[in-house]
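Asker: Provided below: coords_16.cif, containing mmCIF, C-alpha atoms and all ligand atoms.
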```cif
data_run
#
loop_
_atom_site.label_atom_id
_atom_site.label_comp_id
_atom_site.auth_asym_id
_atom_site.auth_seq_id
_atom_site.Cartn_x
_atom_site.Cartn_y
_atom_site.Cartn_z
CA MET P 1 134.09 5.19 -81.02
CA GLU P 2 133.95 7.82 -83.81
CA ASN P 3 133.04 11.36 -82.74
CA PHE P 4 130.19 11.58 -85.31
CA TYR P 5 128.43 14.44 -83.57
CA ASN P 6 131.36 16.79 -83.11
CA LEU P 7 131.28 16.55 -79.33
CA THR P 8 133.81 18.35 -77.12
CA GLU P 9 136.19 16.47 -74.83
CA GLU P 10 134.01 17.47 -71.84
CA GLN P 11 130.87 16.19 -73.57
CA LEU P 12 132.54 12.90 -74.49
CA ASP P 13 133.72 12.45 -70.88
CA LEU P 14 130.26 13.16 -69.45
CA GLN P 15 128.68 10.83 -72.00
CA ALA P 16 131.07 8.01 -71.12
CA MET P 17 130.69 8.62 -67.37
CA THR P 18 126.87 8.57 -67.62
CA ARG P 19 126.89 5.46 -69.82
CA ASP P 20 129.05 3.65 -67.31
CA PHE P 21 126.91 4.79 -64.35
CA ALA P 22 123.64 3.85 -66.07
CA GLN P 23 124.90 0.38 -67.02
CA ARG P 24 126.47 -0.27 -63.63
CA SER P 25 123.87 1.18 -61.22
CA LEU P 26 120.57 1.60 -63.06
CA ALA P 27 120.43 -1.41 -65.41
CA PRO P 28 120.45 -4.06 -62.64
CA VAL P 29 117.37 -2.61 -60.87
CA VAL P 30 115.21 -1.57 -63.82
CA ALA P 31 113.25 -4.78 -64.40
CA GLU P 32 112.19 -5.06 -60.75
CA CYS P 33 111.34 -1.35 -60.47
CA ASP P 34 109.22 -1.70 -63.63
CA VAL P 35 107.24 -4.58 -62.13
CA LYS P 36 106.79 -2.85 -58.76
CA SER P 37 106.42 0.63 -60.28
CA GLU P 38 109.05 1.97 -57.90
CA TYR P 39 111.54 4.80 -58.31
CA PRO P 40 115.07 3.61 -57.35
CA MET P 41 115.92 6.29 -54.80
CA ASP P 42 119.39 4.91 -54.10
CA VAL P 43 120.26 5.19 -57.81
CA TYR P 44 118.83 8.72 -57.85
CA LYS P 45 121.04 9.54 -54.86
CA GLN P 46 124.09 8.30 -56.75
CA ALA P 47 123.07 10.36 -59.80
CA TRP P 48 122.68 13.38 -57.51
CA GLU P 49 126.15 12.84 -56.03
CA MET P 50 127.53 12.82 -59.58
CA GLY P 51 125.68 16.10 -60.31
CA LEU P 52 123.41 14.53 -62.93
CA THR P 53 120.13 15.55 -61.27
CA THR P 54 121.18 19.22 -61.25
CA MET P 55 122.75 19.30 -64.72
CA PHE P 56 120.55 22.18 -65.96
CA ILE P 57 120.80 24.36 -62.83
CA PRO P 58 123.33 27.20 -63.15
CA GLU P 59 126.56 26.82 -61.19
CA GLU P 60 125.84 29.94 -59.11
CA TYR P 61 122.82 28.09 -57.64
CA GLY P 62 124.78 24.91 -57.00
CA GLY P 63 124.08 22.96 -60.21
CA MET P 64 126.28 21.68 -63.05
CA GLY P 65 125.22 24.55 -65.34
CA LEU P 66 125.37 22.46 -68.51
CA ASP P 67 124.03 23.66 -71.85
CA THR P 68 120.98 22.02 -73.43
CA LYS P 69 122.96 19.83 -75.84
CA THR P 70 125.17 18.40 -73.09
CA CYS P 71 122.06 17.72 -70.98
CA CYS P 72 120.66 15.85 -74.01
CA LEU P 73 123.74 13.63 -74.15
CA ILE P 74 123.33 12.73 -70.49
CA ARG P 75 119.60 12.10 -70.85
CA GLU P 76 120.17 9.92 -73.90
CA GLU P 77 122.58 7.70 -71.98
CA LEU P 78 120.18 7.40 -69.03
CA GLY P 79 117.25 6.83 -71.42
CA ARG P 80 119.17 4.04 -73.10
CA VAL P 81 118.78 2.12 -69.85
CA ASP P 82 115.43 3.38 -68.56
CA VAL P 83 113.36 6.31 -69.78
CA GLY P 84 111.13 6.24 -66.65
CA PHE P 85 114.09 6.97 -64.38
CA THR P 86 115.29 9.66 -66.80
CA ILE P 87 111.86 11.31 -66.90
CA GLY P 88 112.06 11.64 -63.10
CA VAL P 89 115.36 13.52 -63.49
CA GLY P 90 114.07 15.49 -66.48
CA SER P 91 110.94 16.62 -64.67
CA ASN P 92 113.19 18.52 -62.29
CA GLY P 93 114.20 20.54 -65.34
CA LEU P 94 110.58 20.92 -66.41
CA ALA P 95 109.71 22.33 -62.98
CA TYR P 96 112.79 24.56 -62.82
CA THR P 97 112.67 26.01 -66.37
CA PRO P 98 109.69 28.38 -65.73
CA VAL P 99 111.63 29.70 -62.74
CA ALA P 100 114.79 30.09 -64.83
CA LEU P 101 112.80 31.96 -67.49
CA ALA P 102 110.66 34.24 -65.34
CA GLY P 103 111.83 33.97 -61.73
CA THR P 104 113.50 36.54 -59.50
CA GLU P 105 116.93 35.87 -58.01
CA GLU P 106 115.27 34.65 -54.77
CA GLN P 107 112.86 32.38 -56.65
CA LYS P 108 115.70 30.83 -58.65
CA ARG P 109 117.65 30.17 -55.46
CA LEU P 110 114.59 28.72 -53.73
CA ALA P 111 113.58 26.32 -56.53
CA ALA P 112 117.18 25.31 -57.24
CA SER P 113 117.83 24.59 -53.55
CA PHE P 114 115.32 21.72 -53.45
CA ILE P 115 116.96 19.93 -56.37
CA VAL P 116 120.52 20.80 -55.38
CA ASP P 117 119.79 19.30 -51.93
CA GLY P 118 118.85 15.99 -53.58
CA GLY P 119 115.09 16.54 -53.93
CA PHE P 120 112.66 16.75 -56.84
CA GLY P 121 110.47 19.28 -58.62
CA ALA P 122 107.23 18.74 -60.59
CA TYR P 123 105.51 20.74 -63.32
CA CYS P 124 101.75 21.04 -62.71
CA LEU P 125 99.89 22.07 -65.85
CA THR P 126 97.49 19.23 -66.77
CA GLU P 127 94.02 18.95 -65.26
CA PRO P 128 91.38 16.22 -65.42
CA ASP P 129 89.17 18.22 -67.84
CA GLY P 130 91.37 17.89 -70.93
CA GLY P 131 95.14 18.22 -70.84
CA SER P 132 95.29 19.35 -74.46
CA ASP P 133 93.37 22.50 -73.54
CA ALA P 134 96.02 23.60 -71.05
CA GLY P 135 95.23 27.30 -71.43
CA HIS P 136 91.97 27.13 -69.49
CA PRO P 137 92.78 25.67 -66.05
CA ARG P 138 90.04 25.15 -63.47
CA THR P 139 92.65 25.58 -60.73
CA THR P 140 92.34 29.12 -59.43
CA ALA P 141 94.58 31.52 -57.53
CA LYS P 142 92.90 34.43 -55.73
CA LYS P 143 94.73 37.39 -54.23
CA VAL P 144 93.86 37.77 -50.54
CA GLY P 145 95.87 40.53 -48.87
CA ASP P 146 99.56 39.81 -49.39
CA GLU P 147 98.96 36.19 -50.35
CA TRP P 148 97.58 34.04 -53.14
CA VAL P 149 95.13 31.28 -52.28
CA ILE P 150 95.26 28.31 -54.67
CA ASN P 151 92.48 25.75 -55.17
CA GLY P 152 92.32 22.94 -57.71
CA ARG P 153 93.49 19.54 -58.87
CA LYS P 154 96.29 18.75 -61.30
CA CYS P 155 96.56 15.26 -62.77
CA PHE P 156 99.21 12.96 -64.29
CA ILE P 157 101.95 14.88 -62.52
CA THR P 158 105.38 13.27 -62.99
CA ASN P 159 107.32 13.33 -59.70
CA GLY P 160 104.02 14.28 -58.00
CA PRO P 161 104.62 12.00 -54.99
CA LEU P 162 108.35 12.80 -54.75
CA ALA P 163 108.48 16.53 -55.35
CA ASN P 164 109.59 19.09 -52.78
CA PHE P 165 108.15 21.92 -54.89
CA TYR P 166 105.60 22.33 -57.66
CA THR P 167 105.43 24.85 -60.48
CA VAL P 168 101.69 25.41 -60.71
CA PHE P 169 99.67 27.10 -63.47
CA ALA P 170 96.38 28.58 -62.21
CA ALA P 171 93.66 30.93 -63.45
CA THR P 172 93.99 34.30 -61.74
CA ASP P 173 91.33 35.80 -64.03
CA PRO P 174 89.25 33.06 -65.71
CA SER P 175 87.35 35.66 -67.77
CA LYS P 176 90.56 36.36 -69.73
CA GLY P 177 91.11 32.74 -70.85
CA VAL P 178 94.75 32.01 -71.74
CA LYS P 179 95.64 35.60 -70.79
CA GLY P 180 94.31 35.02 -67.28
CA VAL P 181 96.71 32.21 -66.32
CA THR P 182 99.55 32.81 -63.85
CA ALA P 183 102.38 30.59 -62.59
CA PHE P 184 103.36 29.99 -58.95
CA ILE P 185 106.00 28.15 -56.96
CA VAL P 186 104.30 26.02 -54.29
CA GLU P 187 106.30 24.06 -51.73
CA ARG P 188 105.09 20.53 -50.94
CA SER P 189 105.24 21.39 -47.24
CA ARG P 190 102.47 24.02 -47.47
CA GLU P 191 99.22 23.28 -45.70
CA GLY P 192 96.51 22.13 -48.11
CA VAL P 193 98.87 20.43 -50.60
CA SER P 194 98.19 16.71 -50.97
CA ILE P 195 98.73 13.97 -53.52
CA GLY P 196 96.32 11.51 -55.09
CA ALA P 197 96.66 7.81 -55.78
CA HIS P 198 99.66 6.38 -57.60
CA GLU P 199 98.94 5.99 -61.35
CA ASN P 200 99.32 2.33 -62.30
CA LYS P 201 100.71 2.97 -65.78
CA MET P 202 101.33 0.65 -68.76
CA GLY P 203 104.85 2.04 -69.28
CA ILE P 204 107.47 4.32 -67.76
CA ARG P 205 106.43 2.56 -64.57
CA VAL P 206 109.65 3.55 -62.85
CA SER P 207 108.60 7.22 -63.00
CA GLN P 208 106.08 8.25 -60.35
CA THR P 209 102.86 9.90 -61.45
CA CYS P 210 99.82 11.10 -59.47
CA ASP P 211 97.29 13.90 -58.97
CA VAL P 212 98.38 16.90 -56.92
CA VAL P 213 95.60 18.67 -55.02
CA PHE P 214 95.63 22.27 -53.76
CA ASP P 215 93.00 22.97 -51.11
CA GLU P 216 93.05 26.58 -49.86
CA VAL P 217 96.82 26.68 -50.22
CA HIS P 218 98.24 30.06 -49.17
CA VAL P 219 101.46 31.22 -50.81
CA PRO P 220 103.12 34.62 -50.32
CA ALA P 221 102.91 37.18 -53.14
CA ASP P 222 106.60 36.62 -53.91
CA HIS P 223 105.78 33.05 -55.03
CA MET P 224 104.10 34.32 -58.19
CA LEU P 225 106.35 33.58 -61.19
CA GLY P 226 106.67 36.32 -63.79
CA ALA P 227 103.84 38.70 -64.54
CA GLU P 228 100.18 38.07 -63.72
CA GLY P 229 98.40 36.66 -66.79
CA LYS P 230 101.61 35.49 -68.48
CA GLY P 231 101.52 31.94 -67.10
CA PHE P 232 100.27 30.16 -70.21
CA LEU P 233 102.97 31.80 -72.33
CA LEU P 234 105.50 30.75 -69.71
CA ALA P 235 104.18 27.17 -69.75
CA MET P 236 104.54 27.00 -73.55
CA ASN P 237 107.96 28.73 -73.56
CA THR P 238 109.07 26.14 -71.02
CA LEU P 239 107.96 23.21 -73.18
CA ASN P 240 109.66 24.76 -76.21
CA ARG P 241 112.93 24.56 -74.26
CA THR P 242 112.46 21.15 -72.66
CA ARG P 243 111.42 19.23 -75.79
CA PRO P 244 114.99 18.42 -76.93
CA GLY P 245 115.73 16.78 -73.55
CA GLY P 246 112.64 14.59 -73.72
CA SER P 247 113.39 13.73 -77.32
CA ALA P 248 117.01 12.81 -76.52
CA THR P 249 115.76 10.55 -73.74
CA VAL P 250 113.65 8.54 -76.16
CA VAL P 251 116.52 8.47 -78.68
CA GLY P 252 118.28 6.48 -75.95
CA LEU P 253 115.37 4.02 -75.97
CA MET P 254 115.58 3.73 -79.78
CA GLN P 255 119.31 3.02 -79.58
CA HIS P 256 118.57 0.37 -76.97
CA CYS P 257 116.16 -1.31 -79.42
CA VAL P 258 118.78 -1.26 -82.19
CA ASP P 259 121.49 -2.68 -79.89
CA LEU P 260 119.22 -5.48 -78.67
CA CYS P 261 118.01 -6.40 -82.16
CA VAL P 262 121.50 -6.48 -83.68
CA GLU P 263 122.63 -8.83 -80.93
CA TYR P 264 119.51 -11.00 -81.07
CA ALA P 265 119.51 -11.28 -84.88
CA LYS P 266 123.08 -12.55 -84.84
CA THR P 267 122.40 -15.22 -82.24
CA ARG P 268 118.85 -16.46 -82.98
CA VAL P 269 119.17 -19.42 -85.34
CA VAL P 270 116.14 -20.45 -87.42
CA PHE P 271 116.23 -22.58 -90.63
CA GLY P 272 119.81 -23.42 -89.68
CA ALA P 273 121.13 -19.84 -89.86
CA PRO P 274 121.02 -16.67 -87.75
CA ILE P 275 117.95 -14.57 -88.59
CA ALA P 276 120.47 -11.76 -89.34
CA LYS P 277 120.94 -13.50 -92.72
CA GLN P 278 117.30 -12.85 -93.63
CA GLN P 279 116.85 -9.69 -95.67
CA ALA P 280 113.42 -9.08 -94.11
CA VAL P 281 115.07 -8.88 -90.69
CA GLN P 282 118.01 -6.83 -92.00
CA PHE P 283 115.63 -4.26 -93.47
CA MET P 284 113.72 -3.88 -90.20
CA ILE P 285 116.99 -3.24 -88.38
CA ALA P 286 118.20 -0.87 -91.12
CA ASP P 287 114.99 1.17 -90.80
CA MET P 288 115.39 1.25 -87.02
CA GLU P 289 118.94 2.60 -87.35
CA MET P 290 117.89 5.22 -89.95
CA LYS P 291 115.10 6.58 -87.76
CA THR P 292 117.33 6.55 -84.66
CA GLN P 293 120.02 8.58 -86.43
CA ALA P 294 117.44 11.03 -87.78
CA ALA P 295 115.80 11.43 -84.36
CA ARG P 296 119.18 11.99 -82.69
CA LEU P 297 120.12 14.66 -85.21
CA MET P 298 116.78 16.43 -84.69
CA ALA P 299 117.16 16.35 -80.89
CA TYR P 300 120.75 17.64 -81.01
CA HIS P 301 119.80 20.32 -83.56
CA ALA P 302 116.85 21.52 -81.46
CA ALA P 303 119.15 21.62 -78.41
CA GLU P 304 121.85 23.57 -80.25
CA LEU P 305 119.24 26.09 -81.40
CA ILE P 306 118.16 26.63 -77.79
CA ASP P 307 121.78 27.08 -76.75
CA ARG P 308 121.96 29.77 -79.46
CA GLY P 309 118.89 31.47 -77.98
CA ILE P 310 116.38 30.17 -80.53
CA ALA P 311 113.48 28.25 -78.93
CA SER P 312 111.48 27.54 -82.08
CA PRO P 313 108.00 26.06 -81.42
CA LEU P 314 108.09 24.66 -84.98
CA VAL P 315 111.42 22.85 -84.52
CA GLY P 316 110.44 21.70 -81.01
CA ALA P 317 107.11 20.27 -82.20
CA CYS P 318 108.67 18.53 -85.25
CA THR P 319 111.37 17.02 -83.03
CA LYS P 320 109.02 15.85 -80.27
CA CYS P 321 106.55 14.37 -82.75
CA PHE P 322 109.13 12.62 -84.95
CA CYS P 323 111.04 11.16 -82.01
CA GLY P 324 107.86 9.91 -80.30
CA ASP P 325 106.34 8.38 -83.43
CA SER P 326 109.65 6.81 -84.48
CA ALA P 327 110.24 5.36 -81.02
CA VAL P 328 106.88 3.57 -81.07
CA GLU P 329 107.53 2.23 -84.58
CA ILE P 330 111.04 1.06 -83.68
CA ALA P 331 109.94 -0.60 -80.43
CA LEU P 332 107.13 -2.40 -82.30
CA ASN P 333 109.63 -3.67 -84.86
CA ALA P 334 112.00 -4.73 -82.10
CA ILE P 335 109.25 -7.05 -80.86
CA GLN P 336 108.87 -8.34 -84.43
CA VAL P 337 112.60 -9.09 -84.69
CA TYR P 338 112.36 -11.07 -81.43
CA GLY P 339 109.28 -12.97 -82.69
CA GLY P 340 107.30 -14.74 -79.95
CA TYR P 341 110.01 -14.02 -77.40
CA GLY P 342 109.51 -10.31 -78.06
CA TYR P 343 105.98 -10.71 -76.76
CA SER P 344 107.18 -12.31 -73.56
CA ARG P 345 107.80 -10.33 -70.39
CA ASP P 346 110.89 -12.44 -69.85
CA TYR P 347 112.60 -10.54 -72.69
CA PRO P 348 113.41 -6.82 -72.64
CA VAL P 349 111.69 -5.45 -75.76
CA GLU P 350 108.02 -5.46 -74.70
CA LYS P 351 108.92 -2.96 -71.92
CA LEU P 352 110.49 -0.69 -74.52
CA LEU P 353 107.21 -0.51 -76.45
CA ARG P 354 105.27 0.22 -73.25
CA ASP P 355 107.83 2.92 -72.37
CA ALA P 356 107.92 4.44 -75.88
CA LYS P 357 104.15 4.99 -76.12
CA ILE P 358 104.11 7.90 -73.65
CA TYR P 359 106.19 9.95 -76.09
CA GLN P 360 103.12 10.28 -78.31
CA ILE P 361 101.06 11.52 -75.37
CA PHE P 362 102.75 13.70 -72.76
CA GLU P 363 104.17 17.22 -73.09
CA GLY P 364 101.39 17.79 -75.64
CA THR P 365 100.08 14.84 -77.68
CA ASN P 366 101.49 14.27 -81.15
CA GLN P 367 98.17 15.43 -82.57
CA ILE P 368 98.69 18.74 -80.76
CA GLN P 369 102.28 18.87 -82.10
CA ARG P 370 100.88 18.50 -85.62
CA VAL P 371 98.39 21.31 -84.88
CA THR P 372 101.40 23.46 -83.87
CA ILE P 373 103.44 22.49 -86.93
CA ALA P 374 100.58 23.14 -89.35
CA GLY P 375 99.64 26.34 -87.51
CA ASN P 376 103.19 27.66 -87.85
CA LEU P 377 103.32 26.90 -91.56
CA LEU P 378 99.82 27.96 -92.54
CA LYS P 379 99.21 31.03 -90.36
C1 LIG T 1 102.65 9.29 -67.66
C2 LIG T 1 102.24 10.72 -67.82
C3 LIG T 1 103.04 11.72 -67.29
C4 LIG T 1 102.63 13.06 -67.40
N1 LIG T 1 103.35 14.04 -66.77
C5 LIG T 1 102.86 15.32 -66.73
C6 LIG T 1 103.48 16.33 -65.93
O1 LIG T 1 104.52 16.11 -65.29
N2 LIG T 1 102.91 17.56 -65.88
C7 LIG T 1 101.77 17.85 -66.55
O2 LIG T 1 101.31 18.98 -66.46
N3 LIG T 1 101.15 16.91 -67.34
C8 LIG T 1 101.67 15.66 -67.42
N4 LIG T 1 101.03 14.69 -68.17
C9 LIG T 1 99.79 15.03 -68.86
C10 LIG T 1 99.92 15.03 -70.39
O3 LIG T 1 100.65 16.14 -70.82
C11 LIG T 1 98.49 14.97 -70.95
O4 LIG T 1 98.01 13.66 -70.71
C12 LIG T 1 98.42 15.29 -72.42
O5 LIG T 1 98.72 16.65 -72.64
C13 LIG T 1 97.05 14.98 -73.03
O6 LIG T 1 96.01 15.45 -72.24
P1 LIG T 1 94.79 14.46 -71.88
O7 LIG T 1 95.40 13.23 -71.34
O8 LIG T 1 93.85 15.19 -71.02
O9 LIG T 1 94.15 14.13 -73.29
P2 LIG T 1 92.98 14.93 -74.02
O10 LIG T 1 93.31 16.37 -74.06
O11 LIG T 1 91.68 14.52 -73.41
O12 LIG T 1 93.07 14.35 -75.50
C14 LIG T 1 92.49 13.10 -75.86
C15 LIG T 1 92.75 12.84 -77.34
O13 LIG T 1 92.16 13.88 -78.14
C16 LIG T 1 93.16 14.49 -78.95
N5 LIG T 1 92.89 15.93 -79.06
C17 LIG T 1 92.42 16.75 -78.09
N6 LIG T 1 92.31 18.01 -78.54
C18 LIG T 1 92.74 17.98 -79.82
C19 LIG T 1 92.88 18.97 -80.83
N7 LIG T 1 92.57 20.26 -80.63
N8 LIG T 1 93.34 18.60 -82.04
C20 LIG T 1 93.67 17.29 -82.28
N9 LIG T 1 93.55 16.32 -81.37
C21 LIG T 1 93.10 16.65 -80.15
C22 LIG T 1 94.48 14.23 -78.25
O14 LIG T 1 95.58 14.28 -79.13
C23 LIG T 1 94.25 12.84 -77.69
O15 LIG T 1 94.50 11.89 -78.68
C24 LIG T 1 101.45 13.37 -68.11
C25 LIG T 1 100.69 12.34 -68.69
C26 LIG T 1 101.05 11.04 -68.53
C27 LIG T 1 100.17 9.97 -69.11
#
```
As structure tokens, how would this structure be written, given the file I've shared?

Answerer:
Amino acid sequence: MENFYNLTEEQLDLQAMTRDFAQRSLAPVVAECDVKSEYPMDVYKQAWEMGLTTMFIPEEYGGMGLDTKTCCLIREELGRVDVGFTIGVGSNGLAYTPVALAGTEEQKRLAASFIVDGGFGAYCLTEPDGGSDAGHPRTTAKKVGDEWVINGRKCFITNGPLANFYTVFAATDPSKGVKGVTAFIVERSREGVSIGAHENKMGIRVSQTCDVVFDEVHVPADHMLGAEGKGFLLAMNTLNRTRPGGSATVVGLMQHCVDLCVEYAKTRVVFGAPIAKQQAVQFMIADMEMKTQAARLMAYHAAELIDRGIASPLVGACTKCFCGDSAVEIALNAIQVYGGYGYSRDYPVEKLLRDAKIYQIFEGTNQIQRVTIAGNLLK
């Protein structure tokens, strides 16, 4: 295969290794896990043994210590087989990034240890009263002596049922609005932490999502992440850095659509010839390829910027929004290429549309991304 994206030998090796692993171990279980909405823990264990679940954790804390672009390559290959599984892995990074950005040495070691030992992390920002308004949480943290006491409910938390630790954003001074939000590390094992019912989702059913409830949860003062009142900034700085990874994951899904449609168009014979001979079908596939290449370039570019120390909210929002919107369009067209069979659960493309849709919703909806893009340009 041509090295179109100027990848290093190490990147090409990791890409090939992940592709092989995903095809061999993940692909055979995906359809059943989608139906049952189950996370394949044995596949996760294999990914952990290969170091893939700790790719973003620095080597000194036991991880692979890979840069953002290399993590994107791995996530794209996993996403090409199942984005739900990949989101489970990626949410470890979402939970760990606030710690990497603002944590003390001890906090970094603590949070990393859960993932390095084969566990999971979860990022707890969204609440039932409007996820788009993430700067005004109802969850509170009150200082009592040497401890913080956390009360509240977070919803739609990826890895919620699996996580060994949560990165939680709570109001420490509600009168200050976004400047009164603070971040905390909360272990799952603490008294008062519980999880809600499993979300029965339309897509990414392999990933596990639920409410996480904090009822008089006491954490020591050294579990506060960064400075008091800087939690919302930390939450946004985190998302600015994690957007390329999420985008690369859905680029994998887009590539999957292209691969399936190319194969199907060559073999489906109608009017005595493969539908690949029909220009209408060719143009749909050409558009799918164009958008996939553009989305991949945006994801890699956003990742390279982060590796150069530039976490641009404008670039991150453009990338997230374009990749999410394009993925939905491409998955819809993949169903069209398959015709009636595309609408059947016995064929793979309807799952890809269900899986793609979340990329217009989570980590800030694509309306909120457009608010960010316009705000950056017009301020
Ligand atoms: C499967 C799944 C996994 C998730 N994982 C996580 C996770 O791990 N951690 C976490 O913290 N959260 C997670 N989320 C939550 C996700 O980030 C929120 O659902 C999302 O931010 C939107 O919030 P909401 O659902 O409350 O929608 P709302 O905020 O109620 O928005 C509803 C609609 O109104 C629009 N809207 C609202 N305000 C504006 C505005 N100012 N301008 C323009 N349009 C607006 C929105 O775009 C949307 O279309 C997850 C969600 C899902 C579904």

Asker: Residues within 12 Å of P:Lys266, please, as a PyMOL selection string. Count all atoms listed in the file; anything in the same chain fewer than 2 positions from it doesn't count.

Answerer: chain P and resi 259-264+268-270+273-278+281-282+285+337-338

Asker: Please write out the residues within 9 Å of ligand LIG 1 (chain T) as a ChimeraX atom specification, counting all atoms listed in the file.

Answerer: /P:87,91,94-95,122-134,154-160,168-169,199,201-205,207-210,358,360-371

Asker: Let me make sure I understand: among P:Met17, P:Ala317, P:Val89, P:Val219, which one has the smallest atom-to-atom distance to P:Leu162 if we use only C-alpha atoms?

Answerer: P:Val89

Asker: By how many Å are atom CA of P:Lys108 and atom CA of P:Tyr61 apart?

Answerer: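 Result for atom CA of P:Lys108 versus atom CA of P:Tyr61: 7.7 Å, one decimal.
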
Asker: Between atom CA of P:Asp34 and atom CA of P:Lys320, what is the distance, to one decimal in Å?

Answerer: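 Pair atom CA of P:Asp34 / atom CA of P:Lys320 returns 24.2 Å.
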
Asker: Do you have the atom CA of P:Thr54-atom CA of P:Gly121 distance handy?

Answerer: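 Taking atom CA of P:Thr54 and atom CA of P:Gly121, their separation equals 11.0 Å.
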
Asker: For P:Cys257, which of P:Asn92, P:Thr292, P:Thr319, P:Thr53 is the closest residue, counting all atoms listed in the file?

Answerer: P:Thr292

Asker: Between P:Thr68, P:Pro161, P:Phe56, P:Glu77, which is the closest to P:Gln23 once you count all atoms listed in the file?

Answerer: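 Counting all atoms listed in the file, the residue closest to P:Gln23 is P:Glu77.
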
Asker: If we count all atoms listed in the file and set the cut-off at 10 Å, which residues sit around P:Gly118, ignoring sequence neighbours fewer than 5 positions away in its own chain? Please answer as a list in words.

Answerer: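 Everything that qualifies: Tyr44, Lys45, Gln46, Ala47, Trp48, Glu49, Gly51, Thr53, Thr54, Ser113 and Asn164 of chain P.
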
Asker: Nearest to P:Ala227 among P:Ile306, P:Ala294, P:Ala102, P:Val81, with distances taken over all atoms listed in the file: which residue is it?

Answerer: P:Ala102

Asker: Residues at most 6 Å from P:Val328, counting all atoms listed in the file, excluding those fewer than 3 positions away in the same chain, as a ChimeraX atom specification?

Answerer: /P:325,331,356-357

Asker: Residues as selected, C-alpha atoms, written as a tab-separated table (two decimals), keeping the file's coordinate frame, can you do that?

Answerer:
```
chain	number	residue	atom	x	y	z
P	325	ASP	CA	106.34	8.38	-83.43
P	331	ALA	CA	109.94	-0.60	-80.43
P	356	ALA	CA	107.92	4.44	-75.88
P	357	LYS	CA	104.15	4.99	-76.12
```

Asker: Which one is closest to P:Asp173: P:Glu228, P:Asp346, P:Glu38, P:Glu106? Count only C-alpha atoms.

Answerer: P:Glu228

Asker: With distances taken over only C-alpha atoms, which of P:Glu304, P:His218, P:Asp355, P:Ser37 is nearest to P:His198?

Answerer: P:Ser37

Asker: Got a sec: who's within 10 Å of P:Gly62, counting only C-alpha atoms, leaving out chain neighbours fewer than 5 positions off, as a ChimeraX atom specification?

Answerer: /P:51,54-55,57,109,112-113,115-117
